[in-house]
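Asker: Sharing a structure here in structure tokens format.
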Amino acid sequence: MSDRSMILALSCPDRPGIVSAVSSLLFEAGCNILDAQQFDDTETDRFFMRVVFCLLEHAKSEADVAASIEDLAKRLDMTFTLRQSFAKKRVMLLVSKFDHCLADLLYRWRIGELPMEVTAIVCNHSREHLASSDIGDLPFYYLPITKQTKMEQEARIWELVQETNTDLVVLARYMQILSDGFSAKLSGRCINIHHSFLPGFKGAKPYHQAHERGVKLIGATAHYVTSDLDEGPIIEQDVERITHRDTPDDLVRKGRDIERRVLASAVRHHIEDRVMLNGRKTVVFTG
């Protein structure tokens with residue numbers, strides 16, 4: 001993709017002429033649209049659009065294009081993000097003892113599948129518990145949590161988010177419930193992964209509970225974190241068929257696979273500006 005390409009993601013109350021207004025603005029600014037996706041939610045009466053465009057040789061400057069989009073946003077009551085395509089999102093990874101999601105994200109990052117900058121890895125257990133993850137020279141912070149230190153450690157994590165200019169926090173099997181205040185600070189930029197079953201099994205050993213009930217499907221859900229535990233806007237989900245021959249260990253193994261791919265997909269959608277909040281739901285423009 002060209003170094004002069006940009007990504008525009010927008011939402012606004014639906015009205016006729018939005019696509020025409022955006023495309024005309026970019027044409028008049030000397031830009032060429034490379035990819036465009038749109039969605040009109042008739043239930044919420046909101047319009048969503050993601051546009052990838054490049055500035056041609058005689059185009060206006062990026063600042064002028066941004067100013068024109070800002071003017072259009074005011075006229076259409078539009079919220080939007082605009083960034084250079086090559087500008088990578090800065091991502092912080094939080095993890096506990098189970099590091100299969102962390103290892104997978106780091107692998108995908110190292111081979112270039114996830115275009116992001118890893119700002120830090122934060123764990124409430126010592127680094128020795130993450131022996132299977134290739135952390136290398138990445139900044140690592142061991143922040144153990146007890147009932148007495150929970151708020152203090154959340155404050156430290158928030159300091160790290162600010163100090164590192166982190167755009168996205170990923171709970172890669174971080175087995176701590178974030179406080180309401182911390183969740184609010186990270187609204188729209190914190191992704192969690194958890195198991196999801198029909199029926200839902202809460203508490204310890206969910207896969208063993210599922211096995212005892214003879215489930216036929218297991219799954220995982222990646223969602224934005226809110227103060228409502230595990231009920232934030234959903235970004236990605238997947239399931240896998242289970243049979244009577246599967247043991248609890250089989251469910252754990254298959255569950256790890258689902259969690260890895262669902263979380264990686266959700267992170268990729270977010271860092272590529274493909275996810276937009278729509279109330280309690282999301283609009284996800286998949287590639």
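Going by the structure tokens order, chains are called A, B, ..., each with residues numbered from 1, while ligands are numbered from 1 in the order shown.
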Contacts of Leu25 of chain A at 12 Å or less, counting only C-alpha atoms, minus same-chain residues fewer than 3 places along, as an MDAnalysis selection string?
Answerer: chainID A and resid 18:22 28:33 53 59:60 64:73
Asker: Go ahead and write the residues just picked, N, CA, C and O atoms, as a compact mmCIF listing (two decimals), in the first residue's frame.
Answerer:
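Saved the output as selection-v9.txt:
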# COMPACT_ATOMS: atom_id res chain seq x y z
N ILE A 18 -24.51 10.92 1.70
CA ILE A 18 -23.27 10.84 2.48
C ILE A 18 -22.13 10.27 1.63
O ILE A 18 -21.02 10.83 1.60
N VAL A 19 -22.40 9.19 0.91
CA VAL A 19 -21.36 8.58 0.06
C VAL A 19 -20.90 9.58 -0.99
O VAL A 19 -19.71 9.74 -1.26
N SER A 20 -21.85 10.28 -1.59
CA SER A 20 -21.51 11.28 -2.60
C SER A 20 -20.66 12.39 -2.01
O SER A 20 -19.67 12.83 -2.62
N ALA A 21 -21.01 12.83 -0.80
CA ALA A 21 -20.27 13.92 -0.16
C ALA A 21 -18.83 13.50 0.13
O ALA A 21 -17.89 14.27 -0.11
N VAL A 22 -18.64 12.28 0.65
CA VAL A 22 -17.30 11.81 0.97
C VAL A 22 -16.47 11.61 -0.29
O VAL A 22 -15.32 12.06 -0.38
N GLU A 28 -12.10 15.97 -5.16
CA GLU A 28 -11.71 17.38 -5.29
C GLU A 28 -10.38 17.67 -4.59
O GLU A 28 -9.67 18.62 -4.96
N ALA A 29 -10.02 16.85 -3.60
CA ALA A 29 -8.75 17.02 -2.90
C ALA A 29 -7.60 16.34 -3.63
O ALA A 29 -6.45 16.41 -3.18
N GLY A 30 -7.89 15.65 -4.75
CA GLY A 30 -6.85 14.97 -5.50
C GLY A 30 -6.51 13.60 -4.97
O GLY A 30 -5.36 13.15 -5.10
N CYS A 31 -7.51 12.94 -4.39
CA CYS A 31 -7.29 11.61 -3.82
C CYS A 31 -7.98 10.55 -4.66
O CYS A 31 -8.97 10.82 -5.34
N ASN A 32 -7.46 9.33 -4.58
CA ASN A 32 -8.04 8.20 -5.30
C ASN A 32 -8.49 7.15 -4.29
O ASN A 32 -7.69 6.70 -3.44
N ILE A 33 -9.76 6.75 -4.34
CA ILE A 33 -10.29 5.76 -3.42
C ILE A 33 -9.82 4.37 -3.84
O ILE A 33 -10.03 3.94 -4.97
N PHE A 53 -7.90 5.49 0.93
CA PHE A 53 -7.62 6.32 -0.25
C PHE A 53 -6.16 6.75 -0.26
O PHE A 53 -5.48 6.72 0.79
N ALA A 59 -2.18 16.13 -5.23
CA ALA A 59 -3.24 16.24 -4.23
C ALA A 59 -2.93 17.32 -3.21
O ALA A 59 -1.79 17.78 -3.07
N LYS A 60 -3.96 17.71 -2.49
CA LYS A 60 -3.76 18.61 -1.36
C LYS A 60 -2.92 17.92 -0.30
O LYS A 60 -2.73 16.72 -0.32
N ASP A 64 -4.61 19.50 4.80
CA ASP A 64 -5.76 20.12 4.12
C ASP A 64 -6.89 19.12 3.95
O ASP A 64 -8.07 19.47 4.09
N VAL A 65 -6.53 17.87 3.61
CA VAL A 65 -7.56 16.83 3.48
C VAL A 65 -8.25 16.61 4.82
O VAL A 65 -9.49 16.52 4.89
N ALA A 66 -7.47 16.55 5.89
CA ALA A 66 -8.05 16.36 7.22
C ALA A 66 -8.97 17.52 7.59
O ALA A 66 -10.04 17.32 8.18
N ALA A 67 -8.56 18.73 7.24
CA ALA A 67 -9.39 19.91 7.54
C ALA A 67 -10.72 19.86 6.78
O ALA A 67 -11.78 20.21 7.32
N SER A 68 -10.66 19.40 5.53
CA SER A 68 -11.89 19.29 4.74
C SER A 68 -12.83 18.25 5.34
O SER A 68 -14.05 18.44 5.38
N ILE A 69 -12.26 17.13 5.79
CA ILE A 69 -13.08 16.09 6.42
C ILE A 69 -13.68 16.61 7.73
O ILE A 69 -14.84 16.32 8.05
N GLU A 70 -12.91 17.39 8.46
CA GLU A 70 -13.41 17.98 9.70
C GLU A 70 -14.61 18.88 9.42
O GLU A 70 -15.62 18.85 10.15
N ASP A 71 -14.54 19.67 8.37
CA ASP A 71 -15.67 20.54 8.01
C ASP A 71 -16.90 19.72 7.64
O ASP A 71 -18.03 20.05 8.03
N LEU A 72 -16.67 18.64 6.87
CA LEU A 72 -17.79 17.78 6.50
C LEU A 72 -18.40 17.12 7.73
O LEU A 72 -19.62 16.98 7.84
N ALA A 73 -17.55 16.72 8.66
CA ALA A 73 -18.02 16.07 9.88
C ALA A 73 -18.94 17.00 10.67
O ALA A 73 -19.95 16.56 11.24
Asker: Apply DSSP to the backbone of this structure and, from segment 83-264 of chain A, keep only the residues in strand (DSSP E); write these as a count of residues only.
Answerer: 48
Asker: Counting only C-alpha atoms, what is within 12 Å of Ile145 of chain A, bar same-chain residues fewer than 3 positions away, as a PyMOL selection string?
Answerer: chain A and resi 96+122-126+142+148-157+174-178
Asker: Compile the contact shell of segment 257-261 of chain A as a ChimeraX atom specification: residues with an atom at most 12 Å away, counting only C-alpha atoms, same-chain residues fewer than 5 positions apart removed.
Answerer: /A:98-108,171-173,192-196,217-223,236-241,250-252,266-268
Asker: Between A:Leu10, A:Thr79, A:Asp249, A:Glu163, which has the minimum distance to Gln209 of chain A (counting only C-alpha atoms)?
Answerer: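 Looking at the shortest contact to Gln209 of chain A, the residue is A:Asp249.
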Asker: In terms of the shortest atom-to-atom distance over only C-alpha atoms, which of A:Val169, A:Pro13, A:Ala204, A:Ser179 is closest to Lys147 of chain A?
Answerer: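 Closest residue, counting only C-alpha atoms: A:Ser179.
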Asker: Find, counting only C-alpha atoms, the residue in A:Leu160, A:Lys185, A:Phe80, A:Asp137 that gets nearest to Leu94 of chain A.
Answerer: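 Smallest separation from Leu94 of chain A among the options: A:Leu160.
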Asker: If you count only C-alpha atoms, which residues fall within 9 Å of segment 269-275 of chain A, apart from same-chain ones fewer than 5 positions away, as a tab-separated table (two decimals) with C-alpha atoms, in the first residue's frame?
Answerer:
chain	number	residue	atom	x	y	z
A	7	ILE	CA	-7.79	5.22	6.27
A	8	LEU	CA	-10.99	7.10	7.06
A	9	ALA	CA	-13.60	5.47	9.32
A	50	ARG	CA	-14.61	2.85	5.95
A	81	THR	CA	-10.93	8.68	12.65
A	85	SER	CA	-2.14	3.50	6.57
A	88	LYS	CA	0.81	1.21	13.33
A	89	LYS	CA	-1.42	1.07	16.40
A	90	ARG	CA	0.42	0.75	19.71
A	91	VAL	CA	-0.78	-2.32	21.63
A	114	LEU	CA	-0.52	-8.14	12.83
A	115	PRO	CA	0.75	-4.67	11.86
A	116	MET	CA	1.15	-3.18	15.33
A	167	ASP	CA	-3.80	2.79	21.59
A	168	LEU	CA	-5.19	-0.65	22.45
A	189	ARG	CA	-9.88	0.37	23.24
A	235	ILE	CA	-16.13	-8.07	17.74
A	264	ALA	CA	-6.13	-12.54	16.75
A	282	THR	CA	-20.35	-3.26	16.57
A	283	VAL	CA	-20.09	-2.82	12.83
A	284	VAL	CA	-17.11	-4.83	11.55
A	285	PHE	CA	-15.93	-4.31	7.99
A	286	THR	CA	-14.01	-7.52	7.35
A	287	GLY	CA	-11.35	-7.57	4.66
Asker: Hey, what's within 10 Å of Asp3 of chain A if we count only C-alpha atoms and toss same-chain stuff fewer than 3 positions away? As a PyMOL selection string, please?
Answerer: chain A and resi 6+54-55+84-87
Asker: Which neighbours of Thr226 of chain A fall inside 12 Å, counting only C-alpha atoms, when residues of the same chain fewer than 4 positions from it are skipped, and could you give them as an NGL selection string?
Answerer: :A and (177-192 or 230-234 or 280)
Asker: Filtering to C-alpha atoms, could you give me those residues as an mmCIF file, in the first residue's frame?
Answerer:
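result09.cif, written as the output of this step:
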data_model
loop_
_atom_site.group_PDB
_atom_site.id
_atom_site.type_symbol
_atom_site.label_atom_id
_atom_site.label_comp_id
_atom_site.auth_asym_id
_atom_site.auth_seq_id
_atom_site.Cartn_x
_atom_site.Cartn_y
_atom_site.Cartn_z
ATOM 1 C CA ILE A 177 -11.771 -8.405 36.475
ATOM 2 C CA LEU A 178 -11.141 -4.749 35.715
ATOM 3 C CA SER A 179 -12.782 -2.208 37.985
ATOM 4 C CA ASP A 180 -15.615 -0.071 36.619
ATOM 5 C CA GLY A 181 -13.418 3.007 36.684
ATOM 6 C CA PHE A 182 -10.579 1.350 34.796
ATOM 7 C CA SER A 183 -12.995 -0.137 32.255
ATOM 8 C CA ALA A 184 -14.411 3.342 31.641
ATOM 9 C CA LYS A 185 -10.939 4.766 30.997
ATOM 10 C CA LEU A 186 -10.305 2.069 28.393
ATOM 11 C CA SER A 187 -13.723 2.318 26.749
ATOM 12 C CA GLY A 188 -13.560 1.280 23.094
ATOM 13 C CA ARG A 189 -9.884 0.369 23.239
ATOM 14 C CA CYS A 190 -9.657 -2.742 25.416
ATOM 15 C CA ILE A 191 -10.382 -6.207 23.998
ATOM 16 C CA ASN A 192 -11.025 -9.337 26.048
ATOM 17 C CA ASP A 230 -18.291 -10.231 29.585
ATOM 18 C CA GLU A 231 -21.181 -8.297 28.041
ATOM 19 C CA GLY A 232 -19.335 -5.646 26.037
ATOM 20 C CA PRO A 233 -19.837 -5.086 22.284
ATOM 21 C CA ILE A 234 -18.826 -8.248 20.413
ATOM 22 C CA ARG A 280 -24.156 -2.132 22.393
#
Asker: What's the separation between atom CA of Met49 of chain A and atom CA of Gly112 of chain A, in Å to one decimal place?
Answerer: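 Computing the Euclidean distance for atom CA of Met49 of chain A and atom CA of Gly112 of chain A yields 26.2 Å.
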Asker: How many Å lie between atom CA of Pro144 of chain A and atom CA of His208 of chain A, rounded to one decimal?
Answerer: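 Computing the Euclidean distance for atom CA of Pro144 of chain A and atom CA of His208 of chain A yields 27.5 Å.
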Asker: What is the atom CA of Asp35 of chain A to atom CA of Phe47 of chain A distance in Å?
Answerer: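 Computed distance, atom CA of Asp35 of chain A to atom CA of Phe47 of chain A, equals 17.1 Å.
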Asker: Taking the DSSP assignment computed from this structure's backbone, write out as a VMD selection string all residues of segment 114-278 of chain A that belong to helix (DSSP H, G or I).
Answerer: chain A and resid 127 to 130 150 to 163 180 to 185 206 to 212 248 to 271
